[in-house]
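This is entry_15.txt (compact mmCIF, C-alpha atoms and all ligand atoms).
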```txt
# COMPACT_ATOMS: atom_id res chain seq x y z
CA MET A 1 148.71 79.30 -21.11
CA THR A 2 151.75 77.62 -22.61
CA ALA A 3 151.67 74.02 -23.74
CA LYS A 4 154.49 73.20 -21.38
CA ARG A 5 152.72 74.57 -18.36
CA TYR A 6 149.54 72.87 -19.35
CA ASN A 7 151.30 69.51 -19.66
CA ALA A 8 152.99 69.87 -16.27
CA LYS A 9 149.68 70.60 -14.64
CA PHE A 10 148.15 67.79 -16.56
CA PHE A 11 150.77 65.40 -15.26
CA ILE A 12 150.25 66.52 -11.67
CA ALA A 13 146.54 66.23 -12.15
CA VAL A 14 146.82 62.71 -13.53
CA VAL A 15 148.86 61.65 -10.51
CA PHE A 16 146.31 63.32 -8.28
CA LEU A 17 143.51 61.58 -10.10
CA LEU A 18 145.19 58.17 -9.72
CA LEU A 19 145.50 58.81 -6.01
CA VAL A 20 141.90 59.86 -5.48
CA SER A 21 140.41 57.26 -7.79
CA VAL A 22 140.95 54.59 -5.16
CA ILE A 23 138.34 56.30 -3.01
CA PRO A 24 135.03 54.76 -4.10
CA ALA A 25 132.88 57.72 -3.01
CA PHE A 26 134.15 59.80 -5.93
CA SER A 27 132.88 57.46 -8.61
CA ALA A 28 129.47 57.13 -6.96
CA GLU A 29 128.48 60.72 -7.80
CA LYS A 30 126.23 61.47 -10.73
CA ASN A 31 127.26 63.26 -13.87
CA VAL A 32 125.47 66.30 -15.26
CA SER A 33 125.40 66.89 -18.99
CA ALA A 34 127.04 70.08 -20.27
CA LEU A 35 123.68 71.19 -21.65
CA GLU A 36 121.96 70.76 -18.33
CA THR A 37 124.86 72.48 -16.57
CA ALA A 38 124.46 75.51 -18.86
CA ASP A 39 120.73 75.50 -18.28
CA ARG A 40 121.01 75.30 -14.51
CA LEU A 41 123.71 77.98 -14.33
CA GLY A 42 122.00 80.30 -16.81
CA ALA A 43 125.18 80.14 -18.86
CA ASP A 44 125.91 80.12 -22.57
CA LEU A 45 127.54 76.89 -23.65
CA THR A 46 130.21 76.59 -26.31
CA TRP A 47 131.25 73.09 -27.24
CA ASP A 48 134.11 72.59 -29.65
CA PRO A 49 134.19 68.92 -30.73
CA LEU A 50 137.58 69.36 -32.36
CA SER A 51 139.47 70.62 -29.33
CA GLN A 52 137.00 68.90 -26.97
CA GLU A 53 136.69 72.14 -25.04
CA ILE A 54 133.58 73.12 -23.14
CA THR A 55 133.10 76.79 -22.29
CA PHE A 56 130.43 78.21 -20.00
CA THR A 57 129.89 81.96 -20.13
CA VAL A 58 127.80 84.18 -17.92
CA GLY A 59 128.22 87.89 -18.55
CA ASN A 60 131.95 88.58 -18.48
CA HIS A 61 132.83 85.36 -16.69
CA THR A 62 133.92 82.07 -18.16
CA ALA A 63 134.70 78.56 -17.03
CA GLN A 64 136.48 76.33 -19.52
CA CYS A 65 137.27 72.68 -19.32
CA ARG A 66 138.17 69.86 -21.67
CA ILE A 67 137.11 66.25 -21.98
CA GLY A 68 139.54 64.01 -20.12
CA THR A 69 141.55 66.85 -18.58
CA PRO A 70 141.19 67.39 -14.84
CA LEU A 71 141.59 71.15 -15.05
CA VAL A 72 139.14 73.99 -15.20
CA PHE A 73 139.94 77.55 -16.14
CA PHE A 74 137.90 80.06 -14.18
CA ASP A 75 138.26 83.39 -15.96
CA TYR A 76 141.45 81.98 -17.50
CA ARG A 77 142.93 80.99 -14.16
CA GLU A 78 143.52 77.28 -13.86
CA THR A 79 142.30 75.07 -11.06
CA ILE A 80 142.93 71.35 -10.69
CA ILE A 81 139.81 69.31 -10.26
CA ALA A 82 139.27 65.78 -9.03
CA GLN A 83 137.41 64.47 -12.04
CA ALA A 84 137.62 65.54 -15.64
CA PRO A 85 134.62 66.07 -17.91
CA LEU A 86 133.91 62.99 -19.97
CA MET A 87 132.05 62.03 -23.09
CA GLY A 88 128.67 60.47 -22.49
CA THR A 89 127.30 57.54 -24.45
CA ASN A 90 125.09 59.91 -26.48
CA ALA A 91 128.12 61.99 -27.58
CA GLN A 92 127.12 64.66 -25.07
CA PRO A 93 129.86 66.05 -22.81
CA GLN A 94 129.22 65.21 -19.17
CA LEU A 95 130.44 66.91 -16.01
CA PRO A 96 131.05 64.95 -12.81
CA ALA A 97 128.88 66.25 -9.96
CA ALA A 98 131.90 67.68 -8.08
CA LEU A 99 132.86 69.73 -11.11
CA PHE A 100 129.31 70.96 -11.53
CA THR A 101 129.37 72.16 -7.91
CA GLN A 102 132.66 73.98 -8.51
CA LEU A 103 131.21 75.76 -11.53
CA GLU A 104 128.09 76.66 -9.62
CA THR A 105 130.14 78.10 -6.75
CA PHE A 106 132.29 80.07 -9.14
CA PHE A 107 129.41 81.70 -11.01
CA LYS A 108 127.29 82.26 -7.90
CA GLN A 109 129.82 84.69 -6.44
CA PHE A 110 128.96 87.15 -9.23
CA ASP A 111 125.29 87.30 -8.33
CA ILE A 112 124.13 85.49 -11.40
CA GLY A 113 120.42 85.13 -11.88
CA SER A 114 119.93 88.83 -12.04
CA PHE A 115 123.34 89.35 -13.53
CA PHE A 116 122.61 92.21 -15.82
CA ARG A 117 119.48 94.15 -16.41
CA VAL A 118 119.09 97.41 -18.20
CA GLY A 119 117.26 99.61 -15.73
CA ALA A 120 117.52 102.82 -17.71
CA ILE A 121 118.54 104.17 -21.08
CA LEU A 122 119.69 107.75 -21.26
CA ILE A 123 119.54 109.16 -24.77
CA ASP A 124 121.68 112.22 -25.25
CA PRO A 125 120.98 114.26 -28.40
CA GLY A 126 124.25 116.10 -28.92
CA HIS A 127 124.46 119.88 -28.70
CA GLY A 128 121.28 122.00 -28.84
CA GLY A 129 120.17 125.59 -28.36
CA LYS A 130 123.07 127.99 -28.65
CA ASP A 131 125.32 125.12 -29.74
CA PRO A 132 124.38 123.90 -33.26
CA GLY A 133 127.18 121.33 -33.38
CA THR A 134 128.64 120.78 -36.84
CA THR A 135 126.92 122.44 -39.78
CA GLY A 136 126.70 121.65 -43.46
CA SER A 137 124.49 122.37 -46.43
CA TYR A 138 123.26 121.15 -49.79
CA VAL A 139 121.71 122.81 -52.81
CA GLU A 140 118.19 122.02 -53.90
CA ASN A 141 116.36 123.89 -56.68
CA GLY A 142 119.05 126.55 -56.63
CA LYS A 143 118.60 127.11 -52.91
CA THR A 144 121.22 126.41 -50.27
CA ILE A 145 119.69 124.44 -47.42
CA PRO A 146 121.60 124.51 -44.13
CA VAL A 147 121.82 121.36 -41.99
CA TYR A 148 122.58 121.45 -38.27
CA GLU A 149 123.87 118.58 -36.23
CA LYS A 150 121.74 119.54 -33.22
CA ASN A 151 118.52 119.04 -35.26
CA ILE A 152 119.58 115.69 -36.67
CA ALA A 153 120.53 114.47 -33.19
CA LEU A 154 117.24 115.64 -31.69
CA SER A 155 115.03 114.18 -34.41
CA VAL A 156 116.64 110.72 -34.21
CA SER A 157 116.72 110.83 -30.40
CA LEU A 158 113.01 111.64 -30.14
CA SER A 159 112.03 108.78 -32.47
CA LEU A 160 114.29 106.41 -30.59
CA TYR A 161 112.82 107.59 -27.30
CA ASP A 162 109.24 106.88 -28.47
CA MET A 163 110.09 103.41 -29.71
CA LEU A 164 111.97 102.45 -26.55
CA ARG A 165 109.19 103.76 -24.29
CA LYS A 166 106.66 101.53 -26.04
CA THR A 167 108.86 98.46 -25.91
CA TYR A 168 110.11 98.88 -22.35
CA PRO A 169 107.42 100.34 -20.10
CA ASP A 170 109.32 98.93 -17.12
CA LYS A 171 112.57 100.73 -17.90
CA LYS A 172 113.43 104.36 -17.42
CA ILE A 173 113.87 105.87 -20.85
CA LEU A 174 115.31 109.35 -20.56
CA LEU A 175 116.44 112.20 -22.74
CA THR A 176 119.02 114.79 -21.79
CA ARG A 177 116.99 117.28 -23.87
CA SER A 178 113.69 117.04 -25.71
CA ASP A 179 113.76 120.38 -27.54
CA ASP A 180 116.18 122.93 -28.93
CA THR A 181 117.80 123.75 -25.62
CA TYR A 182 121.32 123.35 -24.39
CA PRO A 183 121.67 121.49 -21.11
CA SER A 184 125.10 122.17 -19.69
CA LEU A 185 127.52 119.32 -19.42
CA GLU A 186 127.06 119.28 -15.67
CA GLU A 187 123.28 119.04 -16.11
CA ARG A 188 123.62 116.11 -18.52
CA VAL A 189 125.93 114.34 -16.11
CA GLU A 190 123.66 115.05 -13.19
CA MET A 191 120.71 113.54 -15.07
CA ALA A 192 122.60 110.31 -15.46
CA ASN A 193 123.77 110.27 -11.88
CA LYS A 194 120.31 110.97 -10.50
CA VAL A 195 118.76 107.88 -12.09
CA LEU A 196 117.99 105.42 -9.33
CA LEU A 197 118.93 101.89 -10.15
CA LYS A 198 118.45 98.61 -8.38
CA LYS A 199 121.33 96.30 -7.64
CA ASN A 200 122.59 94.67 -10.86
CA GLU A 201 120.83 97.22 -13.00
CA ALA A 202 122.75 99.17 -15.55
CA ILE A 203 122.09 102.43 -17.30
CA LEU A 204 122.98 102.66 -20.97
CA TYR A 205 124.19 105.99 -22.25
CA ILE A 206 123.56 106.62 -25.93
CA SER A 207 124.89 109.87 -27.33
CA ILE A 208 123.74 110.83 -30.83
CA HIS A 209 125.74 113.11 -33.11
CA ALA A 210 126.60 113.88 -36.71
CA ASN A 211 130.07 114.15 -38.10
CA ALA A 212 131.99 116.74 -40.10
CA SER A 213 135.05 116.85 -42.28
CA PRO A 214 135.63 120.57 -42.93
CA PHE A 215 138.54 120.34 -45.38
CA ASN A 216 137.42 117.33 -47.39
CA LYS A 217 133.79 117.10 -48.34
CA LYS A 218 134.04 113.51 -49.60
CA PRO A 219 133.83 111.46 -46.39
CA TYR A 220 130.41 110.03 -45.57
CA GLY A 221 128.99 107.17 -43.53
CA PHE A 222 128.19 106.35 -39.94
CA GLU A 223 130.50 105.37 -37.10
CA ILE A 224 129.95 104.01 -33.65
CA TRP A 225 132.35 104.96 -30.93
CA TYR A 226 132.88 103.58 -27.54
CA LEU A 227 135.42 105.42 -25.53
CA PRO A 228 138.17 103.48 -23.84
CA THR A 229 140.42 105.30 -21.44
CA ASP A 230 143.30 105.71 -23.86
CA TYR A 231 141.07 106.93 -26.60
CA ARG A 232 139.42 109.74 -24.69
CA ARG A 233 142.61 111.75 -24.80
CA ASN A 234 142.75 111.58 -28.62
CA LEU A 235 139.14 112.61 -28.89
CA ILE A 236 139.69 115.67 -26.75
CA ASP A 237 142.18 116.99 -29.32
CA LYS A 238 139.85 116.48 -32.27
CA ASN A 239 137.42 119.39 -32.16
CA THR A 240 135.22 121.41 -29.86
CA ALA A 241 132.12 119.26 -30.25
CA SER A 242 133.96 116.09 -29.45
CA ARG A 243 135.74 117.74 -26.59
CA GLU A 244 132.42 118.31 -24.91
CA ILE A 245 131.35 114.74 -25.35
CA ALA A 246 134.64 113.41 -24.13
CA HIS A 247 134.24 115.60 -21.09
CA ILE A 248 130.80 114.18 -20.33
CA LEU A 249 131.97 110.63 -20.78
CA ASN A 250 135.11 111.21 -18.78
CA ILE A 251 133.05 112.28 -15.82
CA MET A 252 130.48 109.57 -16.19
CA LEU A 253 132.71 106.65 -16.86
CA GLU A 254 135.46 107.46 -14.41
CA GLU A 255 137.94 104.64 -14.58
CA GLU A 256 135.59 101.91 -15.62
CA PHE A 257 134.66 100.58 -18.96
CA SER A 258 133.22 97.36 -20.21
CA THR A 259 132.70 94.78 -22.84
CA GLU A 260 129.06 95.83 -22.79
CA SER A 261 129.90 99.10 -24.52
CA ILE A 262 131.61 97.24 -27.32
CA LEU A 263 128.70 94.87 -27.69
CA ILE A 264 126.17 97.67 -27.76
CA ALA A 265 128.29 99.47 -30.33
CA LYS A 266 128.47 96.33 -32.46
CA ASN A 267 124.73 95.75 -32.21
CA ILE A 268 123.93 99.34 -33.12
CA SER A 269 126.39 99.22 -35.98
CA ASP A 270 124.65 96.11 -37.34
CA GLY A 271 121.24 97.70 -36.80
CA LEU A 272 122.21 100.84 -38.70
CA GLU A 273 123.87 98.87 -41.46
CA ALA A 274 120.65 96.96 -42.10
CA GLN A 275 118.69 100.22 -42.28
CA ILE A 276 120.97 102.71 -44.02
CA GLY A 277 124.03 100.68 -45.03
CA LYS A 278 123.15 100.84 -48.73
CA GLU A 279 122.44 104.56 -48.93
CA SER A 280 125.25 105.56 -46.63
CA LYS A 281 128.25 103.52 -45.49
CA ASN A 282 129.29 101.70 -42.35
CA ARG A 283 132.63 103.16 -41.29
CA GLY A 284 132.70 100.60 -38.53
CA LEU A 285 133.84 100.41 -34.96
CA LYS A 286 137.30 101.52 -34.00
CA GLU A 287 138.59 98.05 -33.45
CA LYS A 288 142.16 98.95 -32.74
CA GLU A 289 141.01 101.08 -29.85
CA TRP A 290 139.22 98.15 -28.24
CA PHE A 291 139.93 98.07 -24.57
CA VAL A 292 138.14 95.85 -22.16
CA VAL A 293 137.59 96.44 -18.49
CA ARG A 294 135.04 94.54 -16.53
CA ASN A 295 132.01 95.74 -14.62
CA ALA A 296 131.44 99.20 -16.03
CA LYS A 297 128.68 101.01 -14.26
CA MET A 298 127.52 102.72 -17.39
CA PRO A 299 128.07 101.18 -20.81
CA SER A 300 128.24 104.10 -23.22
CA VAL A 301 128.39 104.64 -26.93
CA LEU A 302 128.51 107.64 -29.19
CA ILE A 303 126.90 107.43 -32.62
CA GLU A 304 128.00 109.61 -35.51
CA LEU A 305 125.11 109.24 -37.96
CA GLY A 306 126.84 110.73 -40.98
CA PHE A 307 128.78 113.69 -42.34
CA VAL A 308 126.92 116.98 -42.70
CA THR A 309 129.89 118.28 -44.73
CA ASN A 310 129.12 115.83 -47.56
CA PRO A 311 126.26 117.47 -49.54
CA GLU A 312 124.56 114.18 -50.48
CA GLU A 313 124.70 112.95 -46.92
CA ALA A 314 123.60 116.37 -45.62
CA LYS A 315 120.50 115.99 -47.79
CA ARG A 316 119.83 112.51 -46.43
CA LEU A 317 120.31 113.77 -42.89
CA ASN A 318 117.73 116.46 -43.58
CA THR A 319 115.14 113.91 -44.74
CA PRO A 320 112.67 112.78 -42.03
CA SER A 321 112.22 109.27 -43.47
CA TYR A 322 116.00 108.77 -43.46
CA LEU A 323 116.30 109.94 -39.86
CA GLN A 324 113.49 107.55 -38.95
CA LYS A 325 115.53 104.72 -40.46
CA CYS A 326 118.52 105.84 -38.38
CA ALA A 327 116.39 105.69 -35.24
CA GLN A 328 115.07 102.28 -36.26
CA GLY A 329 118.60 100.98 -36.78
CA ILE A 330 119.74 102.17 -33.35
CA TYR A 331 116.57 100.78 -31.79
CA ASN A 332 117.08 97.37 -33.42
CA GLY A 333 120.66 97.28 -32.18
CA LEU A 334 119.71 98.23 -28.64
CA THR A 335 116.86 95.74 -28.37
CA ALA A 336 119.11 92.99 -29.74
CA PHE A 337 121.68 93.85 -27.11
CA ILE A 338 119.15 93.99 -24.29
CA SER A 339 117.48 90.69 -25.10
CA ARG A 340 120.88 89.06 -25.36
CA PHE A 341 122.01 90.29 -21.97
CA GLU A 342 118.98 90.22 -19.81
CA ARG A 343 118.40 86.93 -18.14
CA GLN A 344 115.07 86.14 -16.62
ZN ZN A 401 128.55 116.41 -31.96
```
With the file now loaded, output its structure as structure tokens.
Ligand SMILES: [Zn+2]
Amino acid sequence: MTAKRYNAKFFIAVVFLLLVSVIPAFSAEKNVSALETADRLGADLTWDPLSQEITFTVGNHTAQCRIGTPLVFFDYRETIIAQAPLMGTNAQPQLPAALFTQLETFFKQFDIGSFFRVGAILIDPGHGGKDPGTTGSYVENGKTIPVYEKNIALSVSLSLYDMLRKTYPDKKILLTRSDDTYPSLEERVEMANKVLLKKNEAILYISIHANASPFNKKPYGFEIWYLPTDYRRNLIDKNTASREIAHILNIMLEEEFSTESILIAKNISDGLEAQIGKESKNRGLKEKEWFVVRNAKMPSVLIELGFVTNPEEAKRLNTPSYLQKCAQGIYNGLTAFISRFERQ
């Protein structure tokens, strides 16, 4: 929105307001405080006293208005309204009843109330069976100890699975594999597609892996990936392991992607940082790849727990207590995400 455009609309709106203000019925309606509006709409409220802007957010949808300005922006599209929000006597922003109704109508079209519920979580331990994934090793007491990605992924996935099952008896918590087997890509995809979900329920797809840097043993740390459309192509070129994952996600995600994936990734990243951030290192999210599309059917993230090619990290990744901390970090991130997004 440019300032110029805003001012023009503002001018038109003021004229409109002057015209309608002569009709007494308009002023007879009751105001609703911004707080009560948020409460009744099940929305998050952001109030910026400096800019005087009020923002209501439900899921991916927003309605923004400003004290004294007879405009509302529904998902960044402007609409002229009869009466502007005003400041109440108790320094609480107030919305005229007509504006409240407009907001209610806007949010209702998206089926708010049961806007987003996680119906299922599909945990995918990368690789397995004939496919060890990336491999590394470290030396302990003169012995070389091999470390396989498939084992790391399975160990963390099983712990995560147990924790999630206990916390969410009403959700479907699923694993693509629970032992050292190799489900084909088609089987993994089919598992996800076979999960029956109610309307407004989402399935979260959490793929767990470990990283490798074959020509430079120094890199270590964990990374969380979400896979926007543009990015998938880059990933395919990276290596065989990633190519498989990209293939799975390509099939599952189709064209759609969402802010949810980014938020899950962020939550998991924070969760892991709190657990293993000091021993290992948070390599972060790939911010420049951020790409937002609304209404993804399956928010998905891929977690690279660490580098098996770095001997110190390989040793950590072969330590059960460390893997338990990894699972705890992912669990904390997921539960934070779920409680943030599920609305009763
Ligand atoms: Zn992998």
Mind listing as a PyMOL selection string all residues within 10 Å of (120.0, 108.6, -33.4), counting only C-alpha atoms?
chain A and resi 123-126+152-161+206-210+272+302-305+323-331
Surroundings of ligand ZN 401 (chain A) up to 7 Å, based on only C-alpha atoms and all ligand atoms, as an NGL selection string:
:A and (126-127 or 133-134 or 149 or 209-211 or 241-242)
Using C-alpha atoms, can you write the selected residues to a file as a tab-separated table (two decimals), keeping the file's coordinate frame?
```tsv
chain	number	residue	atom	x	y	z
A	126	GLY	CA	124.25	116.10	-28.92
A	127	HIS	CA	124.46	119.88	-28.70
A	133	GLY	CA	127.18	121.33	-33.38
A	134	THR	CA	128.64	120.78	-36.84
A	149	GLU	CA	123.87	118.58	-36.23
A	209	HIS	CA	125.74	113.11	-33.11
A	210	ALA	CA	126.60	113.88	-36.71
A	211	ASN	CA	130.07	114.15	-38.10
A	241	ALA	CA	132.12	119.26	-30.25
A	242	SER	CA	133.96	116.09	-29.45
```
Pick the closest to Ile262 of chain A from A:Gly333, A:Ile276, A:Leu317, A:Gly88: which is it, counting all atoms listed in the file?
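Going through A:Gly333, A:Ile276, A:Leu317, A:Gly88 one by one, the smallest distance to Ile262 of chain A is for A:Gly333.
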Atom CA of Val147 of chain A to atom CA of Thr176 of chain A, distance in Å rounded to a single decimal
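These two atoms are separated by 21.4 Å.
The residue that comes closest to Gly271 of chain A, out of A:Gln94, A:Ser213, A:Thr335, A:Thr319 and on the basis of all atoms listed in the file, is A:Thr335.
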I'd like the neighbourhood of segment 215-226 of chain A as number ranges by chain, where a residue qualifies if any of its atoms comes within 7 Å (using all atoms listed in the file), though same-chain residues fewer than 6 positions away should be ignored.
A: 261-262, 265, 269, 280-286, 300-307, 309-310, 313
Write out as number ranges by chain each polymer residue whose atoms come within 8 Å of Thr181 of chain A, counting all atoms listed in the file; drop sequence neighbours fewer than 6 positions from it.
A: 128-130
Nearest to Pro49 of chain A among A:Ala212, A:Leu334, A:Leu99, A:Ile67, with distances taken over all atoms listed in the file: which residue is it?
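Residue with the minimum atom-to-atom distance to Pro49 of chain A: A:Ile67.
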Please determine an axis-aligned box that encloses all atoms of segment 273-279 of chain A listed in the file, with 3 Å added on each side, and express its centre and edge lengths in Å to one decimal as lines of an AutoDock Vina configuration file.
```
center_x = 121.4
center_y = 100.8
center_z = -45.2
size_x = 11.3
size_y = 13.6
size_z = 13.5
```
Contact residues around Arg77 of chain A with only C-alpha atoms at 12 Å, ignoring same-chain residues under 5 positions, as a list in words:
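Here the qualifying residues turn out to be Met1, Tyr6, His61, Thr62, Ala63, Gln64, Cys65, Leu71, Val72 and Phe106 of chain A.
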May I ask for the distance between atom CA of Pro96 of chain A and atom CA of Ala84 of chain A, given in Å to one decimal place?
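Calculated distance between atom CA of Pro96 of chain A and atom CA of Ala84 of chain A is 7.2 Å.
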Select, from A:Glu36, A:Asp179, A:Asp75, A:Asp170, the residue with the minimum atom-to-atom distance to Phe100 of chain A, counting only C-alpha atoms.
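Distance minimum relative to Phe100 of chain A lands on A:Glu36.
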